[in-house]
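Asks: What follows is target_32.cif, mmCIF, C-alpha atoms.
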data_target
loop_
_atom_site.label_atom_id
_atom_site.label_comp_id
_atom_site.auth_asym_id
_atom_site.auth_seq_id
_atom_site.Cartn_x
_atom_site.Cartn_y
_atom_site.Cartn_z
CA MET A 29 -67.95 45.28 -36.02
CA PRO A 30 -70.95 44.57 -33.72
CA LEU A 31 -71.43 47.16 -30.97
CA ARG A 32 -71.59 44.40 -28.33
CA GLU A 33 -68.09 43.17 -29.24
CA ARG A 34 -66.67 46.66 -29.55
CA LEU A 35 -67.62 47.53 -25.95
CA SER A 36 -67.00 44.16 -24.28
CA VAL A 37 -63.37 44.86 -23.28
CA ALA A 38 -61.81 48.26 -22.67
CA PRO A 39 -58.78 48.82 -24.93
CA PRO A 40 -55.38 49.19 -23.22
CA ALA A 41 -54.61 52.85 -22.56
CA GLY A 42 -51.86 54.45 -24.62
CA LEU A 43 -51.86 51.84 -27.40
CA ARG A 44 -50.91 53.50 -30.71
CA VAL A 45 -49.33 52.78 -34.09
CA ASN A 46 -46.75 54.93 -35.86
CA ARG A 47 -47.13 54.27 -39.59
CA GLN A 48 -44.10 56.42 -40.45
CA SER A 49 -41.82 54.23 -38.36
CA ALA A 50 -39.50 51.67 -39.95
CA VAL A 51 -40.55 49.25 -37.20
CA PRO A 52 -43.22 46.82 -38.52
CA VAL A 53 -46.70 47.47 -37.12
CA HIS A 54 -47.05 44.00 -35.58
CA VAL A 55 -43.71 44.51 -33.77
CA GLN A 56 -44.89 47.90 -32.46
CA LEU A 57 -48.08 46.32 -31.17
CA THR A 58 -46.31 43.32 -29.63
CA THR A 59 -43.79 45.54 -27.84
CA GLN A 60 -46.40 47.91 -26.44
CA ILE A 61 -48.68 45.17 -25.11
CA ARG A 62 -45.71 43.32 -23.59
CA HIS A 63 -44.63 46.58 -21.93
CA LEU A 64 -48.13 47.13 -20.53
CA ILE A 65 -48.09 43.62 -19.07
CA MET A 66 -44.60 43.92 -17.58
CA THR A 67 -45.38 47.30 -15.98
CA GLY A 68 -48.70 46.07 -14.57
CA ALA A 69 -50.86 48.37 -16.70
CA LEU A 70 -52.46 45.17 -17.99
CA LYS A 71 -53.08 43.06 -14.88
CA ARG A 72 -52.51 39.32 -14.80
CA GLY A 73 -55.73 37.48 -15.47
CA SER A 74 -57.35 40.45 -17.22
CA ARG A 75 -59.00 39.90 -20.58
CA VAL A 76 -57.43 41.54 -23.63
CA PRO A 77 -59.29 42.85 -26.69
CA THR A 78 -60.01 40.50 -29.56
CA VAL A 79 -58.26 40.66 -32.91
CA ARG A 80 -61.21 42.54 -34.41
CA GLN A 81 -61.30 45.01 -31.52
CA LEU A 82 -57.59 45.80 -31.81
CA ALA A 83 -57.82 46.12 -35.57
CA GLY A 84 -60.79 48.49 -35.28
CA LEU A 85 -59.23 50.52 -32.48
CA LEU A 86 -55.91 51.07 -34.27
CA GLY A 87 -57.15 51.03 -37.88
CA ILE A 88 -54.88 48.15 -38.85
CA ASN A 89 -55.29 44.89 -40.76
CA PRO A 90 -56.81 42.11 -38.59
CA ASN A 91 -54.01 39.76 -39.73
CA THR A 92 -51.47 42.19 -38.23
CA ALA A 93 -53.31 42.24 -34.90
CA ALA A 94 -53.61 38.45 -34.97
CA LYS A 95 -49.86 38.07 -35.57
CA ALA A 96 -49.06 40.27 -32.58
CA LEU A 97 -51.42 38.41 -30.22
CA ALA A 98 -50.22 35.02 -31.44
CA GLY A 99 -46.60 35.98 -30.77
CA LEU A 100 -47.43 37.18 -27.25
CA GLN A 101 -49.30 33.95 -26.57
CA GLN A 102 -46.38 31.87 -27.86
CA ASP A 103 -43.99 33.81 -25.60
CA GLY A 104 -46.15 33.17 -22.55
CA TYR A 105 -47.53 36.66 -21.95
CA LEU A 106 -51.07 35.76 -23.01
CA GLU A 107 -53.16 32.61 -22.71
CA SER A 108 -56.27 31.52 -24.54
CA ARG A 109 -59.25 30.20 -22.53
CA PRO A 110 -61.65 28.31 -24.82
CA GLY A 111 -65.05 29.94 -25.00
CA ARG A 112 -63.96 32.93 -22.90
CA GLY A 113 -61.26 34.80 -24.83
CA THR A 114 -57.61 35.72 -24.44
CA PHE A 115 -56.19 36.79 -21.08
CA VAL A 116 -52.93 38.02 -19.59
CA ALA A 117 -51.11 34.94 -18.28
CA ASP A 118 -51.46 34.40 -14.53
CA ARG A 119 -47.78 33.58 -13.91
CA PRO A 120 -44.51 34.74 -15.49
CA GLN A 121 -42.85 32.07 -17.55
CA ALA A 122 -39.89 30.19 -16.09
CA ARG A 123 -36.44 30.43 -17.62
CA GLU A 124 -36.93 26.92 -19.02
CA GLY A 125 -39.96 28.24 -20.87
CA LYS A 126 -37.81 30.93 -22.52
CA MET A 127 -35.32 28.28 -23.58
CA ALA A 128 -38.10 26.16 -25.04
CA ARG A 129 -39.39 29.10 -27.05
CA GLY A 130 -35.88 29.78 -28.28
CA LEU A 131 -35.69 26.19 -29.51
CA GLU A 132 -39.07 26.54 -31.19
CA ARG A 133 -37.88 29.63 -33.04
CA LEU A 134 -34.75 27.77 -34.13
CA VAL A 135 -36.88 24.92 -35.51
CA ASP A 136 -39.23 27.32 -37.30
CA GLU A 137 -36.32 29.24 -38.86
CA THR A 138 -34.63 26.01 -39.96
CA LEU A 139 -37.81 24.65 -41.52
CA GLU A 140 -38.29 27.91 -43.40
CA ARG A 141 -34.70 27.80 -44.66
CA ALA A 142 -35.18 24.20 -45.82
CA ARG A 143 -38.38 25.22 -47.63
CA ARG A 144 -36.55 28.01 -49.48
CA LEU A 145 -33.94 25.48 -50.58
CA GLY A 146 -36.67 23.28 -52.05
CA TYR A 147 -37.03 20.58 -49.37
CA ALA A 148 -40.45 19.50 -48.13
CA ALA A 149 -41.02 19.68 -44.35
CA GLU A 150 -41.66 15.91 -44.19
CA GLU A 151 -38.37 15.21 -45.97
CA PHE A 152 -36.46 17.52 -43.65
CA LEU A 153 -38.03 16.07 -40.48
CA ALA A 154 -37.37 12.51 -41.61
CA THR A 155 -33.71 13.36 -42.15
CA VAL A 156 -33.49 14.93 -38.68
CA ALA A 157 -35.00 11.79 -37.17
CA THR A 158 -32.42 9.54 -38.81
CA ARG A 159 -29.56 11.68 -37.51
CA ALA A 160 -30.91 12.16 -33.98
CA PRO A 161 -28.86 10.62 -31.14
CA ALA A 162 -30.09 7.55 -29.31
CA ALA A 163 -32.79 8.07 -26.70
CA GLY A 164 -30.35 7.60 -23.84
CA ALA A 165 -27.79 10.05 -25.17
CA ARG A 166 -26.61 12.77 -22.81
CA LYS A 167 -27.84 16.32 -23.20
CA ALA A 168 -25.48 18.61 -25.11
CA LYS A 169 -23.00 20.43 -22.90
CA ARG A 170 -23.30 24.18 -22.59
CA THR A 171 -20.38 26.19 -23.90
CA ARG A 172 -18.80 28.42 -21.30
CA ALA A 173 -18.81 32.05 -22.48
CA LEU A 174 -17.68 35.42 -21.13
CA VAL A 175 -19.80 38.51 -21.81
CA ILE A 176 -18.00 41.85 -21.55
CA GLU A 177 -19.88 45.16 -21.37
CA CYS A 178 -19.53 48.59 -19.75
CA ASN A 179 -22.12 48.33 -16.92
CA TRP A 180 -23.59 45.63 -14.71
CA PRO A 181 -27.30 46.01 -15.49
CA GLU A 182 -26.71 45.51 -19.23
CA VAL A 183 -24.15 42.73 -18.91
CA SER A 184 -26.55 40.89 -16.56
CA ARG A 185 -29.48 41.36 -18.94
CA PHE A 186 -27.39 40.17 -21.90
CA ARG A 187 -26.41 37.06 -19.94
CA GLU A 188 -30.06 36.25 -19.31
CA GLU A 189 -30.97 36.73 -22.98
CA LEU A 190 -28.09 34.62 -24.27
CA GLU A 191 -28.60 31.75 -21.82
CA ALA A 192 -32.30 31.69 -22.73
CA GLU A 193 -31.59 31.50 -26.47
CA LEU A 194 -28.37 29.45 -26.74
CA PRO A 195 -26.58 26.51 -25.04
CA LEU A 196 -24.29 28.83 -23.07
CA ALA A 197 -23.12 29.13 -19.48
CA VAL A 198 -22.25 32.83 -19.26
CA ASP A 199 -19.85 34.65 -16.93
CA ARG A 200 -19.72 38.47 -16.79
CA MET A 201 -17.00 41.10 -16.81
CA LEU A 202 -16.89 44.88 -17.19
CA VAL A 203 -14.81 46.40 -19.97
CA GLY A 204 -12.94 48.51 -17.43
CA GLU A 205 -11.71 45.36 -15.64
CA LEU A 206 -10.52 43.51 -18.71
CA SER A 207 -7.14 45.14 -19.40
CA GLY A 208 -5.90 44.69 -15.83
CA ARG A 209 -7.06 41.09 -15.70
CA ALA A 210 -5.49 40.31 -19.08
CA ARG A 211 -2.14 41.84 -18.03
CA HIS A 212 -2.10 39.90 -14.77
CA ASP A 213 -3.25 36.56 -16.22
CA PRO A 214 -3.73 36.62 -20.01
CA SER A 215 -4.49 32.89 -20.11
CA PHE A 216 -7.71 33.25 -18.07
CA VAL A 217 -9.75 33.48 -21.28
CA ARG A 218 -8.74 29.94 -22.24
CA ASP A 219 -11.42 28.71 -19.84
CA TYR A 220 -14.02 30.02 -22.31
CA GLY A 221 -15.19 28.72 -25.65
CA VAL A 222 -16.16 32.20 -26.84
CA ILE A 223 -15.86 35.83 -25.71
CA ILE A 224 -18.94 38.00 -26.39
CA THR A 225 -19.14 41.78 -26.45
CA THR A 226 -20.91 44.48 -28.46
CA PHE A 227 -19.68 46.42 -31.47
CA PHE A 228 -19.19 49.42 -29.19
CA HIS A 229 -16.35 47.63 -27.34
CA ILE A 230 -15.00 45.12 -29.86
CA ARG A 231 -11.76 47.02 -30.56
CA GLU A 232 -10.71 47.39 -26.94
CA VAL A 233 -11.65 43.78 -26.13
CA LYS A 234 -9.64 42.43 -29.07
CA ALA A 235 -6.71 44.66 -28.18
CA ALA A 236 -6.64 43.36 -24.60
CA LEU A 237 -6.86 39.72 -25.76
CA ALA A 238 -4.63 40.00 -28.84
CA SER A 239 -2.28 37.26 -27.64
CA GLU A 240 -5.06 34.67 -27.22
CA SER A 241 -6.84 32.58 -29.85
CA VAL A 242 -10.28 32.35 -28.21
CA PRO A 243 -12.92 33.63 -30.70
CA VAL A 244 -14.31 37.08 -29.90
CA VAL A 245 -17.83 37.79 -31.23
CA ALA A 246 -19.31 41.30 -31.42
CA LEU A 247 -23.10 41.49 -31.32
CA LEU A 248 -25.38 44.34 -32.30
CA THR A 249 -27.66 45.78 -29.65
CA GLU A 250 -30.68 47.99 -30.09
CA ALA A 251 -32.63 50.30 -27.83
CA SER A 252 -36.01 48.86 -26.90
CA ILE A 253 -38.62 49.47 -29.56
CA SER A 254 -40.97 51.13 -27.07
CA THR A 255 -38.26 53.72 -26.29
CA LEU A 256 -37.68 54.47 -29.97
CA LEU A 257 -41.40 54.74 -30.66
CA ARG A 258 -41.86 57.29 -27.87
CA LEU A 259 -38.88 59.34 -29.04
CA GLY A 260 -40.27 59.28 -32.58
CA GLU A 261 -43.47 60.94 -31.32
CA LEU A 262 -41.67 63.95 -29.80
CA PRO A 263 -41.94 67.31 -31.63
CA GLU A 264 -39.15 68.55 -33.86
CA GLY A 265 -36.30 70.11 -31.88
CA THR A 266 -37.23 68.59 -28.49
CA THR A 267 -34.19 68.54 -26.20
CA VAL A 268 -33.64 65.03 -24.88
CA GLY A 269 -31.17 64.10 -22.17
CA LEU A 270 -29.37 60.77 -22.49
CA VAL A 271 -27.98 59.39 -19.22
CA CYS A 272 -26.22 56.15 -18.33
CA GLY A 273 -24.01 55.12 -15.44
CA THR A 274 -20.81 55.87 -17.35
CA PRO A 275 -19.81 58.15 -20.28
CA GLU A 276 -19.23 55.04 -22.42
CA GLY A 277 -22.74 53.81 -21.74
CA THR A 278 -24.21 57.19 -22.69
CA GLN A 279 -22.29 57.18 -25.97
CA ASN A 280 -23.64 53.69 -26.70
CA LEU A 281 -27.18 54.91 -26.05
CA LEU A 282 -26.61 57.87 -28.39
CA ARG A 283 -25.45 55.52 -31.16
CA SER A 284 -28.61 53.40 -30.74
CA VAL A 285 -30.83 56.48 -31.04
CA GLN A 286 -28.91 57.82 -34.04
CA SER A 287 -29.02 54.47 -35.83
CA ALA A 288 -32.83 54.55 -35.54
CA GLY A 289 -32.86 57.76 -37.62
CA LEU A 290 -34.20 60.02 -34.87
CA THR A 291 -32.44 63.12 -36.20
CA HIS A 292 -35.26 65.55 -35.33
CA LEU A 293 -34.24 65.66 -31.65
CA LYS A 294 -31.52 67.66 -29.88
CA MET A 295 -29.45 65.37 -27.66
CA VAL A 296 -27.70 66.42 -24.44
CA LEU A 297 -25.39 63.78 -22.94
CA ALA A 298 -24.71 63.21 -19.26
CA SER A 299 -23.25 60.55 -17.02
CA ALA A 300 -24.60 59.51 -13.64
CA ASP A 301 -21.08 59.65 -12.19
CA ASP A 302 -20.58 63.30 -13.29
CA PRO A 303 -22.75 65.75 -11.27
CA TRP A 304 -21.79 68.71 -13.49
CA SER A 305 -23.00 66.99 -16.66
CA LEU A 306 -26.26 65.98 -14.93
CA GLU A 307 -26.91 69.57 -13.82
CA ARG A 308 -26.23 70.92 -17.31
CA MET A 309 -28.48 68.28 -18.89
CA LEU A 310 -31.39 68.93 -16.51
CA GLU A 311 -31.27 72.66 -17.27
CA ALA A 312 -31.92 71.97 -20.96
CA ALA A 313 -33.89 68.72 -21.32
CA SER A 314 -37.65 68.24 -21.08
CA VAL A 315 -37.32 64.48 -21.67
CA VAL A 316 -34.69 62.16 -20.20
CA VAL A 317 -33.80 58.71 -21.49
CA CYS A 318 -31.82 56.80 -18.90
CA SER A 319 -30.62 53.34 -17.97
CA GLU A 320 -31.70 51.54 -14.78
CA GLN A 321 -28.31 52.29 -13.26
CA ALA A 322 -28.64 56.02 -13.91
CA ALA A 323 -32.27 56.14 -12.74
CA GLU A 324 -31.21 55.27 -9.20
CA LYS A 325 -29.08 58.44 -8.99
CA LEU A 326 -31.55 60.66 -10.85
CA ARG A 327 -34.64 59.82 -8.82
CA GLU A 328 -34.15 62.56 -6.23
CA THR A 329 -32.94 65.29 -8.60
CA LEU A 330 -35.36 65.08 -11.54
CA PRO A 331 -37.97 67.89 -11.68
CA PRO A 332 -41.58 66.60 -11.81
CA THR A 333 -42.06 68.25 -15.22
CA VAL A 334 -39.39 66.10 -16.89
CA GLU A 335 -40.61 62.96 -18.67
CA VAL A 336 -38.44 59.91 -17.92
CA ILE A 337 -38.08 57.08 -20.44
CA MET A 338 -36.31 53.95 -19.25
CA SER A 339 -34.05 52.50 -21.91
CA ASN A 340 -32.74 48.95 -21.83
CA ARG A 341 -30.80 47.77 -24.86
CA THR A 342 -31.50 44.26 -26.11
CA MET A 343 -29.54 41.83 -28.25
CA ASP A 344 -30.36 41.92 -31.94
CA HIS A 345 -31.77 38.54 -33.07
CA GLY A 346 -29.52 38.55 -36.13
CA GLY A 347 -26.53 38.70 -33.81
CA ILE A 348 -27.83 35.79 -31.77
CA ASP A 349 -28.18 33.75 -34.97
CA LEU A 350 -24.58 34.64 -35.86
CA LEU A 351 -23.41 33.45 -32.45
CA ARG A 352 -25.38 30.23 -32.92
CA ASP A 353 -23.37 29.56 -36.09
CA VAL A 354 -20.12 30.24 -34.22
CA LEU A 355 -21.07 27.72 -31.53
CA ALA A 356 -21.93 25.14 -34.18
CA ARG A 357 -18.45 25.53 -35.68
CA LEU A 358 -16.87 25.10 -32.25
CA ASP A 359 -18.57 21.69 -32.04
CA GLU A 360 -17.23 20.55 -35.41
CA PRO A 361 -14.32 18.07 -35.28
CA PRO A 362 -10.97 19.51 -36.42
CA PRO A 363 -9.96 18.71 -40.01
CA PRO A 364 -7.52 15.80 -40.45
CA ALA A 365 -3.87 16.77 -40.43
CA ALA A 366 -2.27 17.04 -43.85
CA ARG A 367 0.18 14.26 -44.71
#
Take the structure in the file and give it back as structure tokens.

Replies:
Amino acid sequence: MPLRERLSVAPPAGLRVNRQSAVPVHVQLTTQIRHLIMTGALKRGSRVPTVRQLAGLLGINPNTAAKALAGLQQDGYLESRPGRGTFVADRPQAREGKMARGLERLVDETLERARRLGYAAEEFLATVATRAPAAGARKAKRTRALVIECNWPEVSRFREELEAELPLAVDRMLVGELSGRARHDPSFVRDYGVIITTFFHIREVKAALASESVPVVALLTEASISTLLRLGELPEGTTVGLVCGTPEGTQNLLRSVQSAGLTHLKMVLASADDPWSLERMLEAASVVVCSEQAAEKLRETLPPTVEVIMSNRTMDHGGIDLLRDVLARLDEPPPPAAR
């Protein structure tokens, strides 16, 4: 690599690759750069290293670096300026831009599936064109959905993710409110085409809505990759505090960490609404993983020596694809009645 190129742009601080992780390297790189942009460590309008610079800095294949940068550019975090390089995008993308990217991913996945089945792209696209509605046809109606989770920050974030990826109009409800609402007015769920929750709460949601026929879909969630990568770097036996706004949320966070195989850490659980558990956790933990909701209550009590890692669970893309199939079935006409 020429010296002039190697020194032209300072590499982002803290960028690293964990080759022992089950997370693909390009996903690690994408997540870290996106995090640096969202936290302001990479300023809008600043130039980012080239593919060759990133590959040399991290000791990875240039194709891996190129895949990460291309994905960030497609998602609107980076922009290419001909003759000048690649820069952090000046403005955050609008919600409509997220929806457009979701549609692009759907098209790409469908084309790949058609290819695996032996159809040429031209053949597939020609068939789509013949089945497309007339130019003046109305836009497809969004299915009304209800998302049920244990705390407001997560249920709000899930709503944003789902509305960006799927033709949904999402309402929110906390798990703790569901049983009372269902006892008072069990038919309220009939206003929705689908009820969405996570695997952590599927049993209690189905139990509360047992008398109704509205489909209930449980989606997988996962802790953010940047959180898991940082936890994977901690020394064997490190005591880590896990804190959410409620005991249920903390248990969900523990399951996410355990499912990632991070068995080398000692976990201490606490809830932001239980001062005794917080005090006990802070006496033992040198690192704290907490939700946004818990961070508000911890801010004044955390010692300066304790490292804080913000954890926000995200919807697993496989679960979103499953929900897309459920919505497609809802749109299918009912079978003819048997004679």

Asks: Could you work out how far atom CA of Cys178 of chain A lies from atom CA of Glu320 of chain A, giving the answer in Å with one decimal?

Replies: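 Between atom CA of Glu320 of chain A and atom CA of Cys178 of chain A the gap is 13.5 Å.
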
Asks: Would you mind telling me which residue in A:Ala298, A:Ala235, A:Ile337, A:Ala323 lies nearest to Leu256 of chain A when using all atoms listed in the file?

Replies: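 That would be A:Ile337, the residue with the smallest distance to Leu256 of chain A.
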
Asks: Within 12 Å of (-48.9, 43.5, -32.6), in the coordinates the file gives, what residues turn up when you count only C-alpha atoms, written out as a PyMOL selection string?

Replies: chain A and resi 43-45+51-63+77-79+82-83+86+88-101

Asks: Could you name the residues that touch Phe115 of chain A at 7 Å or less, counting all atoms listed in the file, but leaving out those on the same chain fewer than 2 positions away, as an mmCIF file with C-alpha atoms, in the coordinates of the input?

Replies:
data_model
loop_
_atom_site.group_PDB
_atom_site.id
_atom_site.type_symbol
_atom_site.label_atom_id
_atom_site.label_comp_id
_atom_site.auth_asym_id
_atom_site.auth_seq_id
_atom_site.Cartn_x
_atom_site.Cartn_y
_atom_site.Cartn_z
ATOM 1 C CA GLY A 73 -55.730 37.480 -15.470
ATOM 2 C CA SER A 74 -57.350 40.450 -17.220
ATOM 3 C CA ARG A 75 -59.000 39.900 -20.580
ATOM 4 C CA VAL A 76 -57.430 41.540 -23.630
ATOM 5 C CA LEU A 106 -51.070 35.760 -23.010
ATOM 6 C CA GLU A 107 -53.160 32.610 -22.710
ATOM 7 C CA SER A 108 -56.270 31.520 -24.540
ATOM 8 C CA GLY A 113 -61.260 34.800 -24.830
ATOM 9 C CA ALA A 117 -51.110 34.940 -18.280
#

Asks: To one decimal place, how far is atom CA of Leu351 of chain A from atom CA of Arg218 of chain A in Å?

Replies: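 If I compute the distance from atom CA of Leu351 of chain A to atom CA of Arg218 of chain A, I get 18.2 Å.
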
Asks: Using the chain letters and numbers from this file, what does the PyMOL selection byres ((chain A and resi 204-210) around 12) select? Give the answer as a PDB file with C-alpha atoms, keeping the file's coordinate frame.

Replies:
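Heads up, here's the output in part.pdb:
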ATOM      1  CA  LEU A 174     -17.680  35.420 -21.130  1.00  0.00           C
ATOM      2  CA  VAL A 175     -19.800  38.510 -21.810  1.00  0.00           C
ATOM      3  CA  ILE A 176     -18.000  41.850 -21.550  1.00  0.00           C
ATOM      4  CA  GLU A 177     -19.880  45.160 -21.370  1.00  0.00           C
ATOM      5  CA  CYS A 178     -19.530  48.590 -19.750  1.00  0.00           C
ATOM      6  CA  ASN A 179     -22.120  48.330 -16.920  1.00  0.00           C
ATOM      7  CA  TRP A 180     -23.590  45.630 -14.710  1.00  0.00           C
ATOM      8  CA  ARG A 200     -19.720  38.470 -16.790  1.00  0.00           C
ATOM      9  CA  MET A 201     -17.000  41.100 -16.810  1.00  0.00           C
ATOM     10  CA  LEU A 202     -16.890  44.880 -17.190  1.00  0.00           C
ATOM     11  CA  VAL A 203     -14.810  46.400 -19.970  1.00  0.00           C
ATOM     12  CA  ARG A 211      -2.140  41.840 -18.030  1.00  0.00           C
ATOM     13  CA  HIS A 212      -2.100  39.900 -14.770  1.00  0.00           C
ATOM     14  CA  ASP A 213      -3.250  36.560 -16.220  1.00  0.00           C
ATOM     15  CA  PRO A 214      -3.730  36.620 -20.010  1.00  0.00           C
ATOM     16  CA  SER A 215      -4.490  32.890 -20.110  1.00  0.00           C
ATOM     17  CA  PHE A 216      -7.710  33.250 -18.070  1.00  0.00           C
ATOM     18  CA  VAL A 217      -9.750  33.480 -21.280  1.00  0.00           C
ATOM     19  CA  ARG A 218      -8.740  29.940 -22.240  1.00  0.00           C
ATOM     20  CA  ILE A 223     -15.860  35.830 -25.710  1.00  0.00           C
ATOM     21  CA  THR A 225     -19.140  41.780 -26.450  1.00  0.00           C
ATOM     22  CA  HIS A 229     -16.350  47.630 -27.340  1.00  0.00           C
ATOM     23  CA  GLU A 232     -10.710  47.390 -26.940  1.00  0.00           C
ATOM     24  CA  VAL A 233     -11.650  43.780 -26.130  1.00  0.00           C
ATOM     25  CA  LYS A 234      -9.640  42.430 -29.070  1.00  0.00           C
ATOM     26  CA  ALA A 235      -6.710  44.660 -28.180  1.00  0.00           C
ATOM     27  CA  ALA A 236      -6.640  43.360 -24.600  1.00  0.00           C
ATOM     28  CA  LEU A 237      -6.860  39.720 -25.760  1.00  0.00           C
ATOM     29  CA  ALA A 238      -4.630  40.000 -28.840  1.00  0.00           C
ATOM     30  CA  SER A 239      -2.280  37.260 -27.640  1.00  0.00           C
ATOM     31  CA  GLU A 240      -5.060  34.670 -27.220  1.00  0.00           C
ATOM     32  CA  THR A 274     -20.810  55.870 -17.350  1.00  0.00           C
ATOM     33  CA  GLU A 276     -19.230  55.040 -22.420  1.00  0.00           C
ATOM     34  CA  GLY A 277     -22.740  53.810 -21.740  1.00  0.00           C
TER      35      GLY A 277
END

Asks: Could you tell me which residues the PyMOL selection byres ((chain A and resi 287) around 12) grabs in this file, written as a ChimeraX atom specification?

Replies: /A:50,248-251,256,280-286,288-291

Asks: Give me a file of those residues, with C-alpha atoms, as an mmCIF file, in the frame of the given file.

Replies:
data_model
loop_
_atom_site.group_PDB
_atom_site.id
_atom_site.type_symbol
_atom_site.label_atom_id
_atom_site.label_comp_id
_atom_site.auth_asym_id
_atom_site.auth_seq_id
_atom_site.Cartn_x
_atom_site.Cartn_y
_atom_site.Cartn_z
ATOM 1 C CA ALA A 50 -39.500 51.670 -39.950
ATOM 2 C CA LEU A 248 -25.380 44.340 -32.300
ATOM 3 C CA THR A 249 -27.660 45.780 -29.650
ATOM 4 C CA GLU A 250 -30.680 47.990 -30.090
ATOM 5 C CA ALA A 251 -32.630 50.300 -27.830
ATOM 6 C CA LEU A 256 -37.680 54.470 -29.970
ATOM 7 C CA ASN A 280 -23.640 53.690 -26.700
ATOM 8 C CA LEU A 281 -27.180 54.910 -26.050
ATOM 9 C CA LEU A 282 -26.610 57.870 -28.390
ATOM 10 C CA ARG A 283 -25.450 55.520 -31.160
ATOM 11 C CA SER A 284 -28.610 53.400 -30.740
ATOM 12 C CA VAL A 285 -30.830 56.480 -31.040
ATOM 13 C CA GLN A 286 -28.910 57.820 -34.040
ATOM 14 C CA ALA A 288 -32.830 54.550 -35.540
ATOM 15 C CA GLY A 289 -32.860 57.760 -37.620
ATOM 16 C CA LEU A 290 -34.200 60.020 -34.870
ATOM 17 C CA THR A 291 -32.440 63.120 -36.200
#
